[in-house]
Amino acid sequence: MTLKNIDNDYRIIVKNKQTIDGETNVIEELAYGSLYEKNGKWYIIYKTEEDGDRISSMIKLSDNEVSIKRSGSINSMMVYKTGEKREFMYGTPYGEIAMEIETHRIITDITENGGSVNMVYTLNVQDEKYFNDMKITVVKR
């Protein structure tokens, strides 16, 4: 993943409401990065750092599919496609964890001025199911 083109012209907010066993947690991430279109696909690219952990993220939006590639302290390639289950490995500094995503809904509304991506999916981690409602908002600065 090449991230040298990050121009920080966009504010990127990733907000995920995750529910397990009736208890909901909200995880929110704020970063600055790039948004561009190439060959009919949109790309959102940004870097984050928290507690010394540096992570580069690239989100690719195409037709009815979203892929999120992370590298650095966390390494993963998650592919979301409505109505499909996809397995992937989630790499941490302590080892890899097998996970599965079942995507229920994807709604994208992106232009060169920004926009949003909404995804509803279930994440299965070692037979524990986490229901997720994620919204990625991109705002031109």
# chains A, B, ... in the order shown; residues from 1 in each chain; ligands from 1
>>> residues_around(residues="Thr111 (chain A)", least_positions_apart="6", cutoff="12 Å", atoms="only C-alpha atoms", output="ChimeraX atom specification")
/A:35-37,40-44,61,117,137-140
>>> residues_around(residues="Ser73 (chain A)", least_positions_apart="3", cutoff="8 Å", atoms="only C-alpha atoms", output="JSON, numbers by chain")
{"A": [53, 54, 55, 92, 93]}
>>> write_last_selection(atoms="all heavy atoms", output="mmCIF file, in the first residue's frame")
data_model
loop_
_atom_site.group_PDB
_atom_site.id
_atom_site.type_symbol
_atom_site.label_atom_id
_atom_site.label_comp_id
_atom_site.auth_asym_id
_atom_site.auth_seq_id
_atom_site.Cartn_x
_atom_site.Cartn_y
_atom_site.Cartn_z
ATOM 1 N N ASP A 53 1.124 3.305 18.658
ATOM 2 C CA ASP A 53 0.760 2.423 17.540
ATOM 3 C C ASP A 53 0.448 3.264 16.310
ATOM 4 O O ASP A 53 -0.448 4.111 16.348
ATOM 5 C CB ASP A 53 -0.474 1.572 17.892
ATOM 6 C CG ASP A 53 -0.176 0.545 18.968
ATOM 7 O OD1 ASP A 53 0.984 0.110 19.061
ATOM 8 O OD2 ASP A 53 -1.112 0.182 19.703
ATOM 9 N N ARG A 54 1.172 3.031 15.231
ATOM 10 C CA ARG A 54 0.949 3.742 13.975
ATOM 11 C C ARG A 54 0.278 2.808 12.990
ATOM 12 O O ARG A 54 0.742 1.688 12.782
ATOM 13 C CB ARG A 54 2.269 4.231 13.396
ATOM 14 C CG ARG A 54 2.918 5.263 14.256
ATOM 15 C CD ARG A 54 4.221 5.732 13.661
ATOM 16 N NE ARG A 54 4.800 6.726 14.544
ATOM 17 C CZ ARG A 54 5.995 7.220 14.406
ATOM 18 N NH1 ARG A 54 6.756 6.823 13.407
ATOM 19 N NH2 ARG A 54 6.451 8.128 15.242
ATOM 20 N N ILE A 55 -0.815 3.299 12.406
ATOM 21 C CA ILE A 55 -1.573 2.481 11.461
ATOM 22 C C ILE A 55 -1.890 3.311 10.228
ATOM 23 O O ILE A 55 -2.372 4.438 10.334
ATOM 24 C CB ILE A 55 -2.879 1.960 12.095
ATOM 25 C CG1 ILE A 55 -2.562 1.137 13.349
ATOM 26 C CG2 ILE A 55 -3.677 1.137 11.088
ATOM 27 C CD1 ILE A 55 -3.768 0.792 14.184
ATOM 28 N N THR A 92 -1.914 -8.568 14.824
ATOM 29 C CA THR A 92 -1.560 -7.646 15.898
ATOM 30 C C THR A 92 -0.102 -7.898 16.273
ATOM 31 O O THR A 92 0.478 -8.904 15.857
ATOM 32 C CB THR A 92 -2.449 -7.874 17.143
ATOM 33 O OG1 THR A 92 -2.040 -9.088 17.787
ATOM 34 C CG2 THR A 92 -3.926 -7.940 16.792
ATOM 35 N N PRO A 93 0.494 -7.032 17.087
ATOM 36 C CA PRO A 93 1.863 -7.291 17.531
ATOM 37 C C PRO A 93 1.985 -8.594 18.330
ATOM 38 O O PRO A 93 3.078 -9.118 18.513
ATOM 39 C CB PRO A 93 2.191 -6.090 18.423
ATOM 40 C CG PRO A 93 1.284 -5.008 17.941
ATOM 41 C CD PRO A 93 0.021 -5.709 17.520
#
>>> select_by_dssp(residues="chain A", states="strand (DSSP E or B)", output="number ranges by chain")
A: 10-20, 23-38, 41-50, 53-62, 65-72, 75-81, 85-92, 95-111, 114-125, 128-140
>>> closest_residue(among="A:Lys135, A:Thr48, A:Asn113, A:Tyr130", to="Ile20 (chain A)", atoms="only C-alpha atoms")
A:Tyr130
>>> closest_residue(among="A:Asp51, A:Glu112, A:Glu29, A:Glu128", to="Asp9 (chain A)", atoms="only C-alpha atoms")
A:Glu112
>>> closest_residue(among="A:Ser57, A:Thr122, A:Asn16, A:Asn75", to="Met134 (chain A)", atoms="only C-alpha atoms")
A:Asn16
>>> decode(residues="region 64-118 of chain A", atoms="C-alpha atoms", output="compact mmCIF listing (two decimals), in the first residue's frame")
# COMPACT_ATOMS: atom_id res chain seq x y z
CA ASN A 64 -21.30 -2.69 -3.86
CA GLU A 65 -18.01 -3.56 -2.16
CA VAL A 66 -15.80 -1.85 0.42
CA SER A 67 -12.30 -3.02 1.29
CA ILE A 68 -10.28 -1.70 4.21
CA LYS A 69 -6.57 -2.41 4.29
CA ARG A 70 -4.61 -1.58 7.42
CA SER A 71 -0.87 -1.84 7.92
CA GLY A 72 1.53 -0.97 10.70
CA SER A 73 0.86 -2.05 14.29
CA ILE A 74 -2.32 -3.71 12.92
CA ASN A 75 -2.35 -5.62 9.62
CA SER A 76 -5.57 -6.70 7.96
CA MET A 77 -7.49 -6.75 4.69
CA MET A 78 -11.23 -6.68 5.30
CA VAL A 79 -13.62 -6.97 2.36
CA TYR A 80 -17.29 -6.10 2.81
CA LYS A 81 -19.86 -7.13 0.18
CA THR A 82 -23.59 -7.12 0.86
CA GLY A 83 -24.99 -10.59 1.53
CA GLU A 84 -21.57 -12.27 1.71
CA LYS A 85 -19.39 -13.74 4.45
CA ARG A 86 -15.63 -13.20 4.15
CA GLU A 87 -12.85 -14.59 6.30
CA PHE A 88 -9.67 -12.66 7.02
CA MET A 89 -6.70 -12.58 9.38
CA TYR A 90 -6.29 -9.68 11.81
CA GLY A 91 -2.62 -9.22 12.61
CA THR A 92 -1.56 -7.65 15.90
CA PRO A 93 1.86 -7.29 17.53
CA TYR A 94 0.86 -10.35 19.62
CA GLY A 95 -0.17 -12.62 16.75
CA GLU A 96 -2.91 -13.19 14.19
CA ILE A 97 -6.60 -13.75 14.87
CA ALA A 98 -8.97 -15.42 12.37
CA MET A 99 -12.15 -13.39 11.86
CA GLU A 100 -15.19 -13.42 9.59
CA ILE A 101 -17.36 -10.54 8.33
CA GLU A 102 -20.98 -10.98 7.22
CA THR A 103 -22.09 -7.78 5.49
CA HIS A 104 -25.76 -6.85 5.73
CA ARG A 105 -25.85 -3.40 4.10
CA ILE A 106 -23.54 -0.88 2.39
CA ILE A 107 -24.59 2.65 1.42
CA THR A 108 -22.02 4.96 -0.19
CA ASP A 109 -22.39 8.61 -1.16
CA ILE A 110 -18.97 9.97 -2.12
CA THR A 111 -17.93 12.83 -4.42
CA GLU A 112 -14.75 14.90 -4.69
CA ASN A 113 -16.22 17.11 -1.94
CA GLY A 114 -16.46 14.20 0.50
CA GLY A 115 -19.46 12.21 1.67
CA SER A 116 -20.15 9.10 3.68
CA VAL A 117 -20.08 5.31 3.74
CA ASN A 118 -22.47 3.37 5.98
